[in-house]
>>> print(open('coords_32.cif').read())   # mmCIF, C-alpha atoms
data_input
#
loop_
_atom_site.label_atom_id
_atom_site.label_comp_id
_atom_site.auth_asym_id
_atom_site.auth_seq_id
_atom_site.Cartn_x
_atom_site.Cartn_y
_atom_site.Cartn_z
CA MET F 1 178.58 -24.69 -148.34
CA ILE F 2 175.08 -23.55 -147.57
CA GLN F 3 174.00 -24.00 -151.16
CA ALA F 4 175.30 -27.56 -151.43
CA ASP F 5 173.51 -28.54 -148.22
CA PHE F 6 170.40 -26.90 -149.54
CA VAL F 7 170.61 -28.96 -152.72
CA ALA F 8 171.08 -32.14 -150.71
CA ILE F 9 168.03 -31.38 -148.59
CA VAL F 10 165.85 -30.26 -151.48
CA MET F 11 166.73 -33.05 -153.88
CA GLY F 12 167.27 -35.57 -151.10
CA SER F 13 166.85 -39.20 -151.93
CA PHE F 14 164.62 -38.62 -154.96
CA LEU F 15 167.45 -38.63 -157.48
CA PRO F 16 170.50 -40.83 -158.05
CA LYS F 17 173.75 -39.70 -156.38
CA THR F 18 175.59 -38.80 -159.58
CA ILE F 19 172.81 -36.40 -160.55
CA ASN F 20 172.72 -34.73 -157.14
CA ARG F 21 176.47 -34.39 -157.23
CA LEU F 22 176.47 -32.49 -160.53
CA ILE F 23 173.57 -30.29 -159.37
CA GLU F 24 175.71 -29.46 -156.31
CA GLU F 25 178.76 -28.67 -158.41
CA PHE F 26 176.81 -26.46 -160.82
CA SER F 27 175.14 -24.54 -158.00
CA ARG F 28 178.57 -23.67 -156.59
CA LEU F 29 179.30 -21.61 -159.71
CA PRO F 30 178.54 -17.88 -159.57
CA GLY F 31 175.10 -16.85 -160.81
CA ILE F 32 173.78 -20.41 -160.96
CA GLY F 33 171.08 -21.17 -158.39
CA PRO F 34 169.72 -24.61 -157.47
CA LYS F 35 166.99 -24.38 -160.14
CA SER F 36 169.39 -23.53 -162.97
CA ALA F 37 171.75 -26.24 -161.73
CA GLN F 38 168.89 -28.77 -161.95
CA ARG F 39 168.00 -27.61 -165.44
CA LEU F 40 171.61 -27.80 -166.67
CA THR F 41 172.05 -31.28 -165.20
CA MET F 42 168.83 -32.54 -166.79
CA HIS F 43 169.94 -31.05 -170.11
CA LEU F 44 173.21 -33.00 -169.94
CA LEU F 45 171.35 -36.14 -168.90
CA HIS F 46 169.40 -35.93 -172.15
CA SER F 47 172.48 -35.00 -174.22
CA PRO F 48 174.52 -37.60 -176.10
CA GLU F 49 177.48 -39.09 -174.23
CA SER F 50 179.92 -37.32 -176.59
CA ARG F 51 178.63 -33.84 -175.67
CA VAL F 52 178.93 -34.64 -171.96
CA LYS F 53 182.47 -35.83 -172.50
CA GLU F 54 183.39 -32.67 -174.42
CA LEU F 55 182.25 -30.50 -171.52
CA SER F 56 184.02 -32.61 -168.92
CA ASP F 57 187.22 -32.53 -171.04
CA ALA F 58 187.02 -28.80 -171.57
CA VAL F 59 186.71 -28.27 -167.80
CA SER F 60 189.52 -30.64 -166.87
CA LYS F 61 191.90 -29.24 -169.50
CA LEU F 62 191.09 -25.59 -168.76
CA LYS F 63 194.36 -24.88 -166.96
CA ASN F 64 196.53 -27.18 -169.11
CA GLY F 65 199.66 -25.30 -170.10
CA LEU F 66 198.30 -21.99 -168.86
CA GLN F 67 200.23 -19.54 -166.77
CA PHE F 68 200.19 -15.86 -165.97
CA CYS F 69 202.37 -13.60 -168.09
CA ASN F 70 205.35 -12.67 -165.90
CA ILE F 71 205.18 -9.07 -167.09
CA CYS F 72 201.50 -8.07 -167.15
CA TRP F 73 199.76 -10.99 -165.35
CA ASN F 74 197.43 -11.64 -168.26
CA ILE F 75 196.69 -15.34 -168.84
CA SER F 76 199.04 -16.90 -171.36
CA GLU F 77 200.38 -20.10 -172.90
CA ASN F 78 203.95 -18.78 -172.56
CA PRO F 79 205.98 -17.05 -169.84
CA GLN F 80 205.22 -13.83 -171.74
CA CYS F 81 201.78 -13.20 -173.22
CA GLY F 82 201.30 -12.43 -176.91
CA ILE F 83 200.78 -8.75 -176.21
CA CYS F 84 203.89 -8.26 -174.05
CA ALA F 85 205.96 -10.24 -176.57
CA ASP F 86 204.76 -8.14 -179.52
CA PRO F 87 207.45 -5.58 -180.55
CA ARG F 88 204.85 -3.53 -182.51
CA ARG F 89 203.12 -2.64 -179.24
CA ASN F 90 203.93 0.56 -177.38
CA HIS F 91 205.48 -0.81 -174.19
CA ASN F 92 205.59 2.64 -172.59
CA LEU F 93 201.79 2.84 -172.56
CA ILE F 94 200.41 0.61 -169.80
CA CYS F 95 196.69 0.10 -169.32
CA VAL F 96 195.90 -1.10 -165.79
CA VAL F 97 192.73 -3.26 -165.65
CA GLU F 98 190.98 -5.35 -163.01
CA GLU F 99 190.43 -8.61 -164.90
CA ILE F 100 191.59 -10.69 -167.87
CA LEU F 101 188.22 -10.14 -169.56
CA ASP F 102 188.86 -6.38 -169.47
CA VAL F 103 191.92 -6.99 -171.67
CA VAL F 104 189.69 -8.95 -174.07
CA ALA F 105 187.15 -6.11 -174.09
CA ILE F 106 189.78 -3.45 -174.90
CA GLU F 107 191.52 -5.65 -177.50
CA LYS F 108 188.20 -6.02 -179.31
CA THR F 109 188.17 -2.28 -180.01
CA GLN F 110 191.35 -2.83 -182.11
CA GLU F 111 192.24 0.76 -181.24
CA TYR F 112 194.61 0.31 -178.33
CA LYS F 113 198.25 -0.25 -179.21
CA GLY F 114 199.82 -0.23 -175.76
CA VAL F 115 200.29 -3.04 -173.23
CA TYR F 116 198.40 -4.03 -170.06
CA HIS F 117 198.70 -4.78 -166.39
CA VAL F 118 196.06 -7.07 -164.87
CA LEU F 119 195.44 -6.44 -161.15
CA HIS F 120 193.21 -9.52 -160.69
CA GLY F 121 190.61 -7.65 -158.69
CA ALA F 122 189.90 -4.29 -157.12
CA LEU F 123 190.37 -2.96 -153.60
CA SER F 124 187.40 -3.92 -151.44
CA PRO F 125 187.55 -3.50 -147.66
CA VAL F 126 184.15 -5.23 -147.41
CA GLU F 127 185.46 -8.39 -149.07
CA GLY F 128 188.83 -8.05 -147.33
CA ILE F 129 190.75 -7.37 -150.53
CA GLY F 130 193.69 -5.07 -149.84
CA PRO F 131 196.63 -3.97 -152.03
CA GLU F 132 198.60 -7.12 -151.19
CA GLN F 133 195.89 -9.33 -152.75
CA LEU F 134 196.24 -7.48 -156.06
CA LYS F 135 199.15 -7.38 -158.51
CA ILE F 136 200.07 -3.89 -157.34
CA ASN F 137 203.56 -4.78 -156.11
CA ALA F 138 204.17 -6.47 -159.45
CA LEU F 139 203.21 -3.21 -161.16
CA MET F 140 205.55 -1.16 -158.97
CA ASN F 141 208.45 -3.56 -159.65
CA ARG F 142 207.67 -3.49 -163.36
CA LEU F 143 207.75 0.31 -163.43
CA GLU F 144 210.96 0.49 -161.39
CA LYS F 145 212.62 -1.91 -163.82
CA MET F 146 211.41 0.21 -166.75
CA ASP F 147 212.76 3.36 -165.07
CA GLU F 148 216.18 1.75 -164.63
CA GLU F 149 216.27 0.59 -168.24
CA SER F 150 215.08 3.90 -169.66
CA ALA F 151 217.59 5.79 -167.49
CA GLY F 152 220.32 3.96 -169.35
CA ALA F 153 218.70 4.10 -172.80
CA GLY F 154 217.17 7.53 -172.41
CA VAL F 155 213.68 6.50 -173.55
CA GLY F 156 211.19 7.52 -170.83
CA GLY F 157 207.75 9.01 -171.43
CA ILE F 158 205.72 6.30 -169.70
CA GLU F 159 201.93 6.75 -169.52
CA ILE F 160 199.80 4.67 -167.17
CA ILE F 161 196.09 4.50 -168.02
CA LEU F 162 193.98 3.53 -165.01
CA ALA F 163 191.14 1.52 -166.56
CA THR F 164 189.55 -0.02 -163.49
CA ASN F 165 185.74 -0.17 -163.49
CA PRO F 166 183.89 3.10 -162.87
CA GLY F 167 182.20 1.77 -159.71
CA LEU F 168 183.03 2.29 -156.04
CA GLU F 169 185.76 -0.37 -155.87
CA GLY F 170 187.27 0.49 -159.22
CA GLU F 171 187.40 4.21 -158.36
CA THR F 172 188.96 3.46 -154.98
CA THR F 173 191.58 1.30 -156.67
CA ALA F 174 192.29 3.99 -159.29
CA MET F 175 192.62 6.64 -156.59
CA TYR F 176 194.97 4.42 -154.57
CA LEU F 177 197.14 3.68 -157.61
CA MET F 178 197.18 7.35 -158.64
CA ARG F 179 198.60 8.38 -155.26
CA LEU F 180 201.10 5.53 -155.27
CA LEU F 181 202.33 6.19 -158.82
CA LYS F 182 202.41 9.99 -158.62
CA ILE F 183 205.75 9.97 -156.81
CA HIS F 184 207.35 8.20 -159.79
CA GLY F 185 206.60 11.20 -161.98
CA HIS F 186 204.92 9.19 -164.77
CA LYS F 187 201.93 10.48 -166.70
CA ILE F 188 198.82 8.97 -165.11
CA THR F 189 195.42 9.06 -166.82
CA ARG F 190 191.97 7.70 -166.04
CA ILE F 191 189.58 6.37 -168.71
CA ALA F 192 186.71 8.77 -169.43
CA ARG F 193 183.44 8.36 -167.61
CA GLY F 194 180.41 9.75 -169.41
CA LEU F 195 177.34 8.83 -171.41
CA PRO F 196 177.63 5.48 -173.21
CA VAL F 197 177.40 5.75 -177.01
CA GLY F 198 173.75 5.36 -178.01
CA GLY F 199 172.76 6.25 -174.44
CA ASP F 200 170.01 8.66 -173.48
CA LEU F 201 170.70 11.80 -171.44
CA ASP F 202 167.23 11.46 -169.98
CA TYR F 203 168.00 8.06 -168.51
CA ALA F 204 171.53 8.71 -167.29
CA ASP F 205 172.09 8.75 -163.53
CA GLU F 206 173.33 11.93 -161.80
CA LEU F 207 176.87 10.65 -161.22
CA THR F 208 177.35 9.69 -164.88
CA LEU F 209 175.98 13.07 -165.99
CA THR F 210 178.27 14.89 -163.55
CA LYS F 211 181.25 12.95 -164.90
CA ALA F 212 180.14 13.61 -168.47
CA LEU F 213 179.99 17.35 -167.79
CA GLU F 214 183.32 17.38 -165.93
CA GLY F 215 184.98 15.49 -168.75
CA ARG F 216 183.61 17.67 -171.57
CA MET F 217 186.00 18.28 -174.45
CA GLU F 218 186.37 21.30 -176.70
CA TYR F 219 185.82 20.92 -180.43
CA SER F 220 189.16 21.26 -182.11
CA MET V 1 176.69 -24.08 -183.98
CA ILE V 2 176.00 -20.37 -184.37
CA GLN V 3 176.80 -19.67 -180.72
CA ALA V 4 180.14 -21.47 -180.81
CA ASP V 5 181.16 -19.58 -183.96
CA PHE V 6 180.06 -16.39 -182.27
CA VAL V 7 182.27 -17.14 -179.28
CA ALA V 8 185.21 -17.89 -181.57
CA ILE V 9 184.76 -14.60 -183.42
CA VAL V 10 184.16 -12.53 -180.31
CA MET V 11 186.93 -13.98 -178.19
CA GLY V 12 189.17 -14.65 -181.19
CA SER V 13 192.88 -14.84 -180.64
CA PHE V 14 192.85 -12.80 -177.44
CA LEU V 15 192.60 -15.78 -175.12
CA PRO V 16 194.34 -19.17 -174.94
CA LYS V 17 192.62 -22.07 -176.74
CA THR V 18 191.66 -24.03 -173.60
CA ILE V 19 189.79 -20.99 -172.25
CA ASN V 20 187.93 -20.38 -175.51
CA ARG V 21 187.02 -24.06 -175.64
CA LEU V 22 185.38 -24.02 -172.20
CA ILE V 23 183.57 -20.76 -172.98
CA GLU V 24 182.23 -22.47 -176.11
CA GLU V 25 181.11 -25.55 -174.15
CA PHE V 26 179.40 -23.49 -171.45
CA SER V 27 177.56 -21.32 -173.98
CA ARG V 28 176.09 -24.46 -175.56
CA LEU V 29 174.17 -25.12 -172.34
CA PRO V 30 170.60 -23.82 -172.12
CA GLY V 31 170.20 -20.38 -170.56
CA ILE V 32 173.92 -19.61 -170.63
CA GLY V 33 174.90 -16.86 -173.07
CA PRO V 34 178.44 -15.95 -174.16
CA LYS V 35 178.79 -13.43 -171.29
CA SER V 36 177.80 -15.91 -168.57
CA ALA V 37 180.03 -18.53 -170.19
CA GLN V 38 182.96 -16.09 -169.96
CA ARG V 39 182.20 -15.34 -166.33
CA LEU V 40 181.92 -19.03 -165.39
CA THR V 41 185.19 -19.85 -167.17
CA MET V 42 187.02 -16.99 -165.46
CA HIS V 43 185.63 -18.13 -162.12
CA LEU V 44 187.03 -21.64 -162.67
CA LEU V 45 190.34 -20.18 -163.84
CA HIS V 46 190.67 -18.48 -160.46
CA SER V 47 189.41 -21.54 -158.54
CA PRO V 48 191.80 -24.10 -157.02
CA GLU V 49 192.66 -27.10 -159.20
CA SER V 50 190.68 -29.41 -156.87
CA ARG V 51 187.41 -27.54 -157.43
CA VAL V 52 187.90 -27.66 -161.20
CA LYS V 53 188.58 -31.39 -160.99
CA GLU V 54 185.44 -31.97 -158.89
CA LEU V 55 183.28 -30.29 -161.52
CA SER V 56 184.91 -32.16 -164.39
CA ASP V 57 184.49 -35.45 -162.50
CA ALA V 58 180.86 -34.76 -161.67
CA VAL V 59 180.14 -34.08 -165.34
CA SER V 60 182.00 -37.12 -166.65
CA LYS V 61 180.42 -39.47 -164.09
CA LEU V 62 176.90 -38.08 -164.47
CA LYS V 63 175.59 -41.04 -166.44
CA ASN V 64 177.65 -43.70 -164.63
CA GLY V 65 175.39 -46.59 -163.73
CA LEU V 66 172.27 -44.64 -164.60
CA GLN V 67 169.42 -46.00 -166.67
CA PHE V 68 165.76 -45.33 -167.18
CA CYS V 69 163.32 -47.32 -165.05
CA ASN V 70 161.81 -49.92 -167.39
CA ILE V 71 158.34 -49.31 -165.92
CA CYS V 72 157.95 -45.55 -165.49
CA TRP V 73 160.98 -44.12 -167.38
CA ASN V 74 162.17 -42.18 -164.35
CA ILE V 75 165.97 -42.05 -164.00
CA SER V 76 167.30 -44.84 -161.80
CA GLU V 77 170.33 -46.76 -160.63
CA ASN V 78 168.48 -50.05 -161.14
CA PRO V 79 166.27 -51.55 -163.87
CA GLN V 80 163.34 -50.49 -161.68
CA CYS V 81 163.36 -47.13 -159.88
CA GLY V 82 162.90 -46.89 -156.11
CA ILE V 83 159.30 -45.76 -156.49
CA CYS V 84 158.22 -48.56 -158.83
CA ALA V 85 160.01 -51.12 -156.65
CA ASP V 86 158.31 -49.89 -153.46
CA PRO V 87 155.44 -52.23 -152.45
CA ARG V 88 153.94 -49.56 -150.15
CA ARG V 89 153.14 -47.42 -153.19
CA ASN V 90 149.73 -47.58 -154.86
CA HIS V 91 150.63 -49.03 -158.25
CA ASN V 92 147.11 -48.47 -159.58
CA LEU V 93 147.51 -44.68 -159.29
CA ILE V 94 149.73 -43.42 -162.10
CA CYS V 95 150.77 -39.78 -162.33
CA VAL V 96 151.87 -38.87 -165.86
CA VAL V 97 154.47 -36.07 -165.92
CA GLU V 98 156.64 -34.43 -168.55
CA GLU V 99 160.05 -34.53 -166.89
CA ILE V 100 162.11 -36.26 -164.20
CA LEU V 101 162.20 -33.01 -162.23
CA ASP V 102 158.39 -33.08 -162.06
CA VAL V 103 158.66 -36.37 -160.16
CA VAL V 104 161.09 -34.69 -157.75
CA ALA V 105 158.68 -31.75 -157.31
CA ILE V 106 155.72 -34.01 -156.51
CA GLU V 107 157.77 -36.29 -154.23
CA LYS V 108 158.78 -33.23 -152.21
CA THR V 109 155.14 -32.72 -151.19
CA GLN V 110 155.32 -36.11 -149.41
CA GLU V 111 151.58 -36.38 -150.07
CA TYR V 112 151.48 -38.51 -153.20
CA LYS V 113 151.53 -42.28 -152.64
CA GLY V 114 151.02 -43.52 -156.20
CA VAL V 115 153.56 -44.16 -158.97
CA TYR V 116 154.64 -42.16 -162.03
CA HIS V 117 155.10 -42.24 -165.76
CA VAL V 118 157.65 -39.84 -167.25
CA LEU V 119 156.89 -38.81 -170.84
CA HIS V 120 160.26 -37.04 -171.38
CA GLY V 121 158.69 -34.02 -173.00
CA ALA V 122 155.39 -32.66 -174.26
CA LEU V 123 153.78 -32.60 -177.69
CA SER V 124 155.04 -29.63 -179.67
CA PRO V 125 154.38 -29.37 -183.41
CA VAL V 126 156.60 -26.26 -183.53
CA GLU V 127 159.61 -28.18 -182.22
CA GLY V 128 158.65 -31.30 -184.20
CA ILE V 129 157.86 -33.37 -181.11
CA GLY V 130 155.08 -35.87 -181.86
CA PRO V 131 153.70 -38.78 -179.82
CA GLU V 132 156.44 -41.12 -181.05
CA GLN V 133 159.14 -38.92 -179.46
CA LEU V 134 157.49 -39.29 -176.04
CA LYS V 135 157.08 -42.36 -173.85
CA ILE V 136 153.41 -42.65 -174.80
CA ASN V 137 153.69 -46.09 -176.39
CA ALA V 138 155.45 -47.26 -173.25
CA LEU V 139 152.52 -45.96 -171.20
CA MET V 140 149.98 -47.78 -173.42
CA ASN V 141 151.95 -51.04 -173.15
CA ARG V 142 152.25 -50.61 -169.40
CA LEU V 143 148.48 -50.13 -169.04
CA GLU V 144 147.68 -53.08 -171.31
CA LYS V 145 149.96 -55.28 -169.23
CA MET V 146 148.24 -54.05 -166.04
CA ASP V 147 144.83 -54.74 -167.59
CA GLU V 148 145.85 -58.32 -168.43
CA GLU V 149 147.22 -58.91 -164.94
CA SER V 150 144.23 -57.39 -163.18
CA ALA V 151 141.82 -59.42 -165.40
CA GLY V 152 143.40 -62.51 -163.88
CA ALA V 153 143.71 -61.15 -160.32
CA GLY V 154 140.50 -59.12 -160.36
CA VAL V 155 142.14 -55.93 -159.04
CA GLY V 156 141.36 -53.10 -161.45
CA GLY V 157 140.41 -49.53 -160.46
CA ILE V 158 143.30 -47.80 -162.19
CA GLU V 159 143.45 -43.97 -162.04
CA ILE V 160 145.65 -41.97 -164.36
CA ILE V 161 146.46 -38.42 -163.23
CA LEU V 162 147.56 -36.22 -166.12
CA ALA V 163 150.07 -33.86 -164.50
CA THR V 164 151.64 -32.26 -167.56
CA ASN V 165 152.37 -28.53 -167.27
CA PRO V 166 149.39 -26.15 -167.48
CA GLY V 167 150.76 -24.41 -170.59
CA LEU V 168 149.92 -24.81 -174.27
CA GLU V 169 152.09 -27.87 -174.86
CA GLY V 170 151.22 -29.56 -171.59
CA GLU V 171 147.48 -29.04 -172.15
CA THR V 172 147.76 -30.39 -175.70
CA THR V 173 149.58 -33.46 -174.40
CA ALA V 174 147.00 -33.98 -171.64
CA MET V 175 144.16 -33.66 -174.15
CA TYR V 176 145.84 -36.13 -176.52
CA LEU V 177 146.43 -38.65 -173.71
CA MET V 178 142.88 -38.22 -172.40
CA ARG V 179 141.43 -39.17 -175.81
CA LEU V 180 143.86 -42.05 -176.21
CA LEU V 181 143.24 -43.47 -172.74
CA LYS V 182 139.46 -42.97 -172.65
CA ILE V 183 138.87 -46.10 -174.72
CA HIS V 184 140.56 -48.21 -172.03
CA GLY V 185 137.85 -47.24 -169.55
CA HIS V 186 140.28 -46.11 -166.82
CA LYS V 187 139.58 -43.16 -164.56
CA ILE V 188 141.45 -40.18 -166.00
CA THR V 189 141.99 -36.97 -164.01
CA ARG V 190 143.82 -33.70 -164.62
CA ILE V 191 145.67 -31.78 -161.88
CA ALA V 192 143.80 -28.66 -160.76
CA ARG V 193 144.60 -25.32 -162.31
CA GLY V 194 143.84 -22.30 -160.18
CA LEU V 195 145.38 -19.61 -158.04
CA PRO V 196 148.72 -20.55 -156.50
CA VAL V 197 148.73 -20.64 -152.69
CA GLY V 198 149.74 -17.20 -151.44
CA GLY V 199 148.85 -15.74 -154.84
CA ASP V 200 146.86 -12.59 -155.39
CA LEU V 201 143.53 -12.58 -157.24
CA ASP V 202 144.35 -9.09 -158.41
CA TYR V 203 147.48 -10.23 -160.20
CA ALA V 204 146.18 -13.50 -161.65
CA ASP V 205 145.82 -13.71 -165.44
CA GLU V 206 142.40 -14.27 -167.01
CA LEU V 207 143.04 -17.91 -167.95
CA THR V 208 144.12 -18.87 -164.43
CA LEU V 209 141.09 -17.08 -162.96
CA THR V 210 138.77 -18.85 -165.43
CA LYS V 211 140.29 -22.21 -164.48
CA ALA V 212 140.05 -21.33 -160.78
CA LEU V 213 136.35 -20.56 -161.17
CA GLU V 214 135.67 -23.64 -163.28
CA GLY V 215 137.46 -25.84 -160.76
CA ARG V 216 135.71 -24.41 -157.69
CA MET V 217 134.90 -26.96 -154.98
CA GLU V 218 132.01 -27.07 -152.54
CA TYR V 219 132.73 -26.96 -148.82
CA SER V 220 131.98 -30.37 -147.41
#
>>> encode(input="coords_32.cif", output="structure tokens")
Amino acid sequence: MIQADFVAIVMGSFLPKTINRLIEEFSRLPGIGPKSAQRLTMHLLHSPESRVKELSDAVSKLKNGLQFCNICWNISENPQCGICADPRRNHNLICVVEEILDVVAIEKTQEYKGVYHVLHGALSPVEGIGPEQLKINALMNRLEKMDEESAGAGVGGIEIILATNPGLEGETTAMYLMRLLKIHGHKITRIARGLPVGGDLDYADELTLTKALEGRMEYS
Amino acid sequence: MIQADFVAIVMGSFLPKTINRLIEEFSRLPGIGPKSAQRLTMHLLHSPESRVKELSDAVSKLKNGLQFCNICWNISENPQCGICADPRRNHNLICVVEEILDVVAIEKTQEYKGVYHVLHGALSPVEGIGPEQLKINALMNRLEKMDEESAGAGVGGIEIILATNPGLEGETTAMYLMRLLKIHGHKITRIARGLPVGGDLDYADELTLTKALEGRMEYS
């Protein structure tokens, strides 16, 4: 760890070991540099013992009783998450997202009534993330199982919404999934890309504007 | 806690309790908003159990065996910190700083051979921090004790460097200490304010430039 070594050199022998150790641990977290790590540690040093204990407990108990939903790979306290176990949800409408927090973001709209599939990442050749690192096989198996069941029950009409992020990696992942899923004959859609609500046409980048024009809808 | 309530409302029932709890704890730390707290929690959720345990341990053991130095109020593993206990240090040169990290910053220069006094803050009427919240009484007692000892031993020649931050609160604190200490007849100095090394005169603010001009030194 370059950062940890850096902390050791910078802080050196000037501070007690337990302080240096926490600075090291904090600076290993994403988006927290050595300076922020110092500031956080000093804050805790001046906090009452009970607050420090609450944080340490919350960290150590984070994964207690947690597992991934065996249908959609969302995080859950049960083998099936609350969404997959909810009979009022439309289980033939599957929204494919990159991360757990994307599920939270969509749930907050209170508009979506389907279910999810969490990929746990996006394709990224640069970072060495290929299809096998994502929950893509799990998605294929899930769909095959649904096909078998609907063949018997005569339900059908599955729609898969590709809701990966509208960046390079998310688009690549969506494109990859689209090609892979096409052969199954399901309806495949992609979330709209366009101007954010409250956004300013003047300030939009060319790609967003292009997508906004391409995705224009007729007044009904 | 407004922030904790906010987290509870925003994240609501969409995530397991242990996750929401850690997001809450993280967002109580300074400089970490709900979004960063989410990101940090998700990072730990995807980290191996051992990394999570290391962080939790480092937090819980932060204050183990730590105390404040009973001379300078720096943090220490012993009743006296390494600097105060070091006979090679000049104990008649006392640098008064706001925080423990200021000691670390000055020690890194490897140029300062005196000792310190950590105030643990700066005067701030807005935040309700008066002299009694800082280690100012401890400094007065320390100096009185030194005066008594030096009267017997005939040492004397104490210099007090006021090295509080060059902002509003630090300047106020320095001014307050200067007036308080003057009556003791010790030499009192203030760290230089001026252009930072590598800085650009063009980009310096008016106050810094004024201080740089006021503090100009003759070539010797």
>>> resolve_selection(input="coords_32.cif", expression="the PyMOL selection byres ((chain F) within 7 of (chain V))", output="PDB file with C-alpha atoms, in the frame of the given file")
ATOM      1  CA  PHE F  14     164.620 -38.620-154.960  1.00  0.00           C
ATOM      2  CA  PRO F  16     170.500 -40.830-158.050  1.00  0.00           C
ATOM      3  CA  THR F  18     175.590 -38.800-159.580  1.00  0.00           C
ATOM      4  CA  ILE F  19     172.810 -36.400-160.550  1.00  0.00           C
ATOM      5  CA  ARG F  21     176.470 -34.390-157.230  1.00  0.00           C
ATOM      6  CA  LEU F  22     176.470 -32.490-160.530  1.00  0.00           C
ATOM      7  CA  GLU F  25     178.760 -28.670-158.410  1.00  0.00           C
ATOM      8  CA  LEU F  29     179.300 -21.610-159.710  1.00  0.00           C
ATOM      9  CA  PRO F  30     178.540 -17.880-159.570  1.00  0.00           C
ATOM     10  CA  LEU F  40     171.610 -27.800-166.670  1.00  0.00           C
ATOM     11  CA  LEU F  45     171.350 -36.140-168.900  1.00  0.00           C
ATOM     12  CA  VAL F  52     178.930 -34.640-171.960  1.00  0.00           C
ATOM     13  CA  LYS F  53     182.470 -35.830-172.500  1.00  0.00           C
ATOM     14  CA  LEU F  55     182.250 -30.500-171.520  1.00  0.00           C
ATOM     15  CA  SER F  56     184.020 -32.610-168.920  1.00  0.00           C
ATOM     16  CA  ALA F  58     187.020 -28.800-171.570  1.00  0.00           C
ATOM     17  CA  VAL F  59     186.710 -28.270-167.800  1.00  0.00           C
ATOM     18  CA  SER F  60     189.520 -30.640-166.870  1.00  0.00           C
ATOM     19  CA  LYS F  61     191.900 -29.240-169.500  1.00  0.00           C
ATOM     20  CA  LEU F  62     191.090 -25.590-168.760  1.00  0.00           C
ATOM     21  CA  LYS F  63     194.360 -24.880-166.960  1.00  0.00           C
ATOM     22  CA  SER F  76     199.040 -16.900-171.360  1.00  0.00           C
ATOM     23  CA  GLU F  77     200.380 -20.100-172.900  1.00  0.00           C
ATOM     24  CA  VAL F 104     189.690  -8.950-174.070  1.00  0.00           C
TER      25      VAL F 104
END
>>> residues_around(input="coords_32.cif", residues="Lys187 (chain V)", least_positions_apart="3", cutoff="7 Å", atoms="only C-alpha atoms", output="list in words")
Ile158, Glu159 and Ile160 of chain V
>>> residues_around(input="coords_32.cif", residues="His186 (chain V)", least_positions_apart="4", cutoff="12 Å", atoms="only C-alpha atoms", output="PyMOL selection string")
chain V and resi 92-94+140+143-144+146-147+156-161+177-182
>>> residues_around(input="coords_32.cif", residues="region 201-208 of chain V", least_positions_apart="6", cutoff="12 Å", atoms="all atoms listed in the file", output="list of chain:residue names")
V:Pro166, V:Gly167, V:Leu168, V:Ala192, V:Arg193, V:Gly194, V:Leu195, V:Glu214, V:Gly215
>>> residues_around(input="coords_32.cif", residues="Ile71 (chain V)", least_positions_apart="6", cutoff="10 Å", atoms="all atoms listed in the file", output="mmCIF file with C-alpha atoms, in the frame of the given file")
data_model
loop_
_atom_site.group_PDB
_atom_site.id
_atom_site.type_symbol
_atom_site.label_atom_id
_atom_site.label_comp_id
_atom_site.auth_asym_id
_atom_site.auth_seq_id
_atom_site.Cartn_x
_atom_site.Cartn_y
_atom_site.Cartn_z
ATOM 1 C CA PRO V 79 166.270 -51.550 -163.870
ATOM 2 C CA GLN V 80 163.340 -50.490 -161.680
ATOM 3 C CA CYS V 81 163.360 -47.130 -159.880
ATOM 4 C CA CYS V 84 158.220 -48.560 -158.830
ATOM 5 C CA ALA V 85 160.010 -51.120 -156.650
ATOM 6 C CA VAL V 115 153.560 -44.160 -158.970
ATOM 7 C CA TYR V 116 154.640 -42.160 -162.030
ATOM 8 C CA HIS V 117 155.100 -42.240 -165.760
ATOM 9 C CA VAL V 118 157.650 -39.840 -167.250
ATOM 10 C CA ALA V 138 155.450 -47.260 -173.250
ATOM 11 C CA LEU V 139 152.520 -45.960 -171.200
ATOM 12 C CA ASN V 141 151.950 -51.040 -173.150
ATOM 13 C CA ARG V 142 152.250 -50.610 -169.400
#
>>> closest_residue(input="coords_32.cif", among="V:Glu169, V:Glu98, V:Asp86, V:Glu111", to="Glu127 (chain V)", atoms="all atoms listed in the file")
V:Glu169
>>> atom_distance(input="coords_32.cif", atom1="CA of Gly198 (chain F)", atom2="CA of Thr164 (chain F)")
22.1 Å
>>> atom_distance(input="coords_32.cif", atom1="CA of Leu119 (chain V)", atom2="CA of Thr172 (chain V)")
13.3 Å
>>> residues_around(input="coords_32.cif", residues="Ala174 (chain V)", least_positions_apart="5", cutoff="8 Å", atoms="all atoms listed in the file", output="list in words")
Leu162, Ala163, Thr164 and Arg190 of chain V
>>> atom_distance(input="coords_32.cif", atom1="CA of Trp73 (chain F)", atom2="CA of Pro34 (chain V)")
23.6 Å
>>> resolve_selection(input="coords_32.cif", expression="the PyMOL selection byres ((chain F and resi 89) around 7)", output="PyMOL selection string")
chain F and resi 86-88+90-91+113-115
